[in-house]
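Here is the structure we will look at, set down as structure tokens.
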Amino acid sequence: MLEIKNLKASVDGKQILKGIELTIGEGEVHAIMGPNGSGKSTLSQVLAGRENYTIDEGQIIYKGKDLTEFSVEERAGEGIFLAFQYPVAIPGVKNTTFLKAALNSVRKYRGQEELDAAQFLRLLKEKSELVELRDDLLKRYVNDGFSGGEKKRNEIMQMAVLDPSFAVLDETDSGLDIDALKIVAQGVNQLRSPQRSMLVITHYQRLLDYIVPDYVHVLAHGRIIKSGGKELARELEEKGYGWIAQYEQNENALPSV
Amino acid sequence: MIAHYKDQFDQWINSTAQNSWYKSLRTQAFEAFEKNGFPTQKEEAWKHADLSLFRKEFFPALASKDSFQKNWKSDFEKHVDFQKIQYLAFWGGQLVDQSIDDQSALMIQNLDQLDPKTKIEAETILTSFAPRYDHPFYQLNTAFHAQAIWIHVKKTQSKPLILFYLDQQTSKVSAYYRNLVVAESQVSIQILEYFPHLESSQVAFNVTTQVSAKENALVEHVKIQDQNLTSYHQGFFYGLAQRNATIKSFSFSRGAAFARNDVDIVLDGIQSHGDMFGLYSNVDHQYVDHRTCMDHRVAHCTSKELYKGVLADQSHAVFEGRIKVHEGAQKTDSQQMNRNLLLSDEAKVDTAPQLEIFADDVKCAHGATIGKLDEEQLFYLQSRGIDRAQATQLLIGAFVGEVFDELSLSFQGLVRGIIGKGWEHD
């Protein structure tokens, strides 16, 4: 599904990603954990196509195509979805207006027929139930005045509507209390399928109790320094990130993945 | 150039049968114009406005019904349901067509034909609250308007009144119009002045509309100025609100190569309320200039003002908003805001809020912002598959929507229908 080869990327002349290697198979859920500043969010933004980031080296191969050749909106059409850590509010644009424009844009890109108002509303009702999003939030402006939990549920609902084949969840657990976290995780789990892969980015192991990954990777200083099964997450939780410091001393000592 | 105006003025003032009062009003106005002509940018009030075209070229006044198309309505039926509105149509400086449900509830008359008592009231309005005597275009309007139309609202109107300004001429000419609206106490009315987009027209509209809202009256006034980019616009709106009356003024301006709008509301009775909302959307080399004045004369009045601009290409907008609070106008509550969205690096806006406060127990807030589209918002929309052009349109729609939302619900459909899809999407 997705293959990242020796990816190096910078922002404002500073290299953040220093050679990421990662392969994600169809239907797999991978988690990336790491301390603040390790490059987690940069990786998610680069995958979504944010223009402030420069790719210095390496490749991102998605379904056999070089992803870097696609614009932000084309990537969405190709089936890439980023659930934002901090979804931006857009006062003046109604959630439904936005979602309909988004859905019909990706449908058009995928060569599917655009939905009319009635078809769209039916779909929206079904998907919003998935994350228990209240009707009035659909009619409100995008993320405007939404609580932390409502914003994240709105992200997962968009994911359900746009039906991506590869979703990046960027710190979806941040700012959520345990009840909201459960609802969001439940929504995500219902969207798991053999055709859909996910990359779950998180600082804490907590989220991974609810969204159980197939693989866990540790990101530090712009590289993946350790990979393993879901038990690695628990190990990290117990040890903290302090042990990573040893890799700082000698970059050549980084273990191969 | 002034000599041409003088020739035309002398000819017309002597050819028409007018009473001496009116003659002297016009003559005074013209003499004032003759003295100063069109100001240069050295004058503070005109420092942003380049009037060199008006100094160079003579715009003779239109005064003929010739070539008026009787079937003019067919061009507008797509956006306007004529069953649901009342209208006046103007051409060649004159009222040429009208449809009013009940003249005893909404009286439309030429000022000349008024009975003596009403005439005195009309003449008082004509001269009493138009503070822009030093304004060259206002002087020309007073000197040259062929008719003053008396719009007397005696009962509440459920159907809006639309004023269509239809002049379409391929040479540079001036079309002068003057309207006096009097809303009797307790009544309400919605008035829309519409300057449609007419291909290759080079008309310079010069229109003054004065509104007097008596006790408890409510007047909602909308101007849609959508002229083509080879035409010109000078507009004056003067409102006078008496005790507990409300005047709401909207200016939607996206047309004309050069447009200057003066909007003044005088709050003259206690607990009266004034609203001024505006939207300008400029492209190409357009120049659009709004000067507003919210004049709090007495205590316990409130006012709100929001003007927003979207500027593309090399366009230039000017906004100068004044709040005046007179001595004794205690407990005034006045807000003013001007926000601008620049879509290109070459677009330009000059914004200047001005407060003149002579009372000590008042609340006055004002502010101005100039910004670009938010890249975070654009990225968010694009990451959901929406291309940059559509994402931009959505954000512009969100920006301007705030002004549309201020219209009464019953007026929104009509106004949005006429303005069309170019300004916002829903």
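For the structure tokens, the naming scheme is as follows: chains receive sequential letters (A, B, ...) according to their order of presentation, residues are indexed from 1 within each chain, and ligands are indexed from 1 in presentation order.
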Residue neighbourhood segment 298-306 of chain B, 7 Å, only C-alpha atoms, exclusion window fewer than 4 positions, as a ChimeraX atom specification: /B:267-278,328-338
Any chance you could tabulate, as CSV, the residues of chain A at most 9 Å from chain B with each one's nearest atom pair and distance in Å to one decimal, using only C-alpha atoms, in chain and rising number order?
residue,atom,partner,partner_atom,distance
A:Ala48,CA,B:Ser383,CA,6.6
A:Gly49,CA,B:Ser383,CA,8.1
A:Arg50,CA,B:Phe379,CA,7.2
A:Glu51,CA,B:Phe379,CA,8.9
A:Ser71,CA,B:Gln382,CA,8.8
A:Val72,CA,B:Ser383,CA,5.5
A:Glu73,CA,B:Gly385,CA,4.1
A:Glu74,CA,B:Gly385,CA,6.4
A:Arg75,CA,B:Gly385,CA,7.4
A:Ala76,CA,B:Gly385,CA,4.8
A:Gly77,CA,B:Gly385,CA,5.8
A:Ile80,CA,B:Ser383,CA,8.5
A:Phe81,CA,B:Ser383,CA,7.2
A:Leu82,CA,B:Ser383,CA,7.2
A:Phe84,CA,B:Tyr380,CA,8.6
A:Pro87,CA,B:Tyr380,CA,7.7
A:Val88,CA,B:Gln377,CA,6.3
A:Ala89,CA,B:Gln377,CA,7.6
A:Ile90,CA,B:Gln377,CA,6.7
A:Pro91,CA,B:Ala398,CA,6.6
A:Gly92,CA,B:Ala398,CA,3.9
A:Val93,CA,B:Ala398,CA,5.4
A:Lys94,CA,B:Asp426,CA,8.2
A:Thr97,CA,B:Asp426,CA,6.7
A:Phe98,CA,B:Leu381,CA,7.9
A:Leu99,CA,B:Arg384,CA,8.4
A:Ala101,CA,B:Ile386,CA,6.7
A:Ala102,CA,B:Ile386,CA,5.4
A:Leu103,CA,B:Gly385,CA,7.6
A:Asn104,CA,B:Gly385,CA,8.7
A:Ser105,CA,B:Gly385,CA,5.7
A:Val106,CA,B:Gly385,CA,5.5
A:Tyr109,CA,B:Gly385,CA,8.5
A:Gln158,CA,B:Arg384,CA,8.3
A:Leu162,CA,B:Arg384,CA,7.8
Pick the closest to Leu25 of chain B from B:Ser52, B:Thr127, B:Gln157, B:Gln147: which is it, counting only C-alpha atoms? B:Thr127
In segment 279-411 of chain B, DSSP strand (DSSP E) residues written as a PyMOL selection string: chain B and resi 279-282+287-296+302-311+316-325+333-342+348-357+363-371
Give me, as a PyMOL selection string, all polymer residues having an atom no more than 12 Å from Glu121 of chain B, counting only C-alpha atoms and skipping those fewer than 5 positions away in the same chain. chain B and resi 111+114-116+126-128+150+152+180-182+212
Keeping N, CA and C atoms for every residue in the selection just given, could you write it to a file as a compact mmCIF listing (two decimals), in the first residue's frame?
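The resulting file, result17.txt, is reproduced below:
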# COMPACT_ATOMS: atom_id res chain seq x y z
N LEU B 111 -41.84 65.55 -7.09
CA LEU B 111 -41.88 66.62 -6.10
C LEU B 111 -42.72 67.82 -6.57
N LEU B 114 -46.57 67.74 -5.78
CA LEU B 114 -47.08 67.58 -4.41
C LEU B 114 -47.99 68.74 -4.04
N ASP B 115 -48.92 68.46 -3.12
CA ASP B 115 -49.75 69.54 -2.61
C ASP B 115 -48.87 70.47 -1.78
N PRO B 116 -49.30 71.72 -1.60
CA PRO B 116 -48.41 72.73 -0.98
C PRO B 116 -47.86 72.32 0.38
N LEU B 126 -35.22 67.90 1.65
CA LEU B 126 -34.26 68.07 0.57
C LEU B 126 -33.04 68.88 1.01
N THR B 127 -33.27 69.81 1.90
CA THR B 127 -32.15 70.68 2.27
C THR B 127 -31.64 70.46 3.69
N SER B 128 -32.42 69.80 4.56
CA SER B 128 -32.06 69.86 5.98
C SER B 128 -30.98 68.89 6.41
N TRP B 150 -40.74 61.57 -4.78
CA TRP B 150 -41.23 61.54 -3.41
C TRP B 150 -41.84 60.16 -3.16
N HIS B 152 -43.54 58.12 -0.40
CA HIS B 152 -44.15 58.34 0.91
C HIS B 152 -44.74 57.02 1.42
N LEU B 180 -36.61 60.97 -2.35
CA LEU B 180 -36.89 61.31 -0.96
C LEU B 180 -37.86 60.27 -0.42
N VAL B 181 -37.43 59.58 0.60
CA VAL B 181 -38.28 58.55 1.19
C VAL B 181 -38.72 59.03 2.56
N VAL B 182 -40.02 59.05 2.79
CA VAL B 182 -40.51 59.37 4.12
C VAL B 182 -41.32 58.18 4.65
N SER B 212 -36.19 59.57 5.55
CA SER B 212 -36.58 60.09 6.85
C SER B 212 -37.48 59.05 7.52
One residue among B:Pro39, B:Gly309, B:Pro196, B:Pro136 is nearest to Phe76 of chain B when using only C-alpha atoms, and that residue is B:Pro196
Residues near segment 166-183 of chain A, cut-off 6 Å, only C-alpha atoms, skip fewer than 6 positions along chain, as an MDAnalysis selection string: chainID A and resid 80:85 148:149 196:202
Please compute the atom CA of Glu21 of chain A-atom CA of Ile4 of chain A distance, one decimal, in Å. 5.3 Å
Give me, as a PyMOL selection string, all polymer residues having an atom no more than 12 Å from Gly222 of chain A, counting only C-alpha atoms and skipping those fewer than 2 positions away in the same chain. chain A and resi 6-10+14-21+32-43+218-220+224-225+247-248+251+254
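Among the candidate residues A:Lys5, A:Pro164, A:Asp144, A:Tyr204, the one lying nearest to Arg192 of chain A is A:Pro164, with distances computed using only C-alpha atoms.
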Pairwise distance for atom CA of Gly235 of chain B and atom CA of Gly93 of chain B, rounded to one decimal in Å: 14.6 Å
Gly187 of chain A: which residues within 7 Å, counting only C-alpha atoms, same-chain residues fewer than 6 positions away excluded, as a ChimeraX atom specification? /A:130-131,156
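Atom CA of Leu53 of chain B sits 17.9 Å away from atom CA of Ala317 of chain B.
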Taking 3 positions as the minimum chain separation for residues in the same chain, which residues sit within 12 Å of Leu137 of chain A when counting only C-alpha atoms? Answer as a list of chain:residue names. A:Lys94, A:Asn95, A:Thr96, A:Leu124, A:Lys125, A:Ser128, A:Glu132, A:Leu133, A:Arg134, A:Arg140, A:Tyr141, A:Val142, A:Asn143, A:Asp144, A:Gly145, A:Phe146, A:Ser147, A:Glu150, A:Lys151, A:Arg153, A:Asn154, A:Met157
Segment 75-271 of chain B: which residues are alpha helix (DSSP H) by DSSP, as number ranges by chain? B: 116-128, 136-144
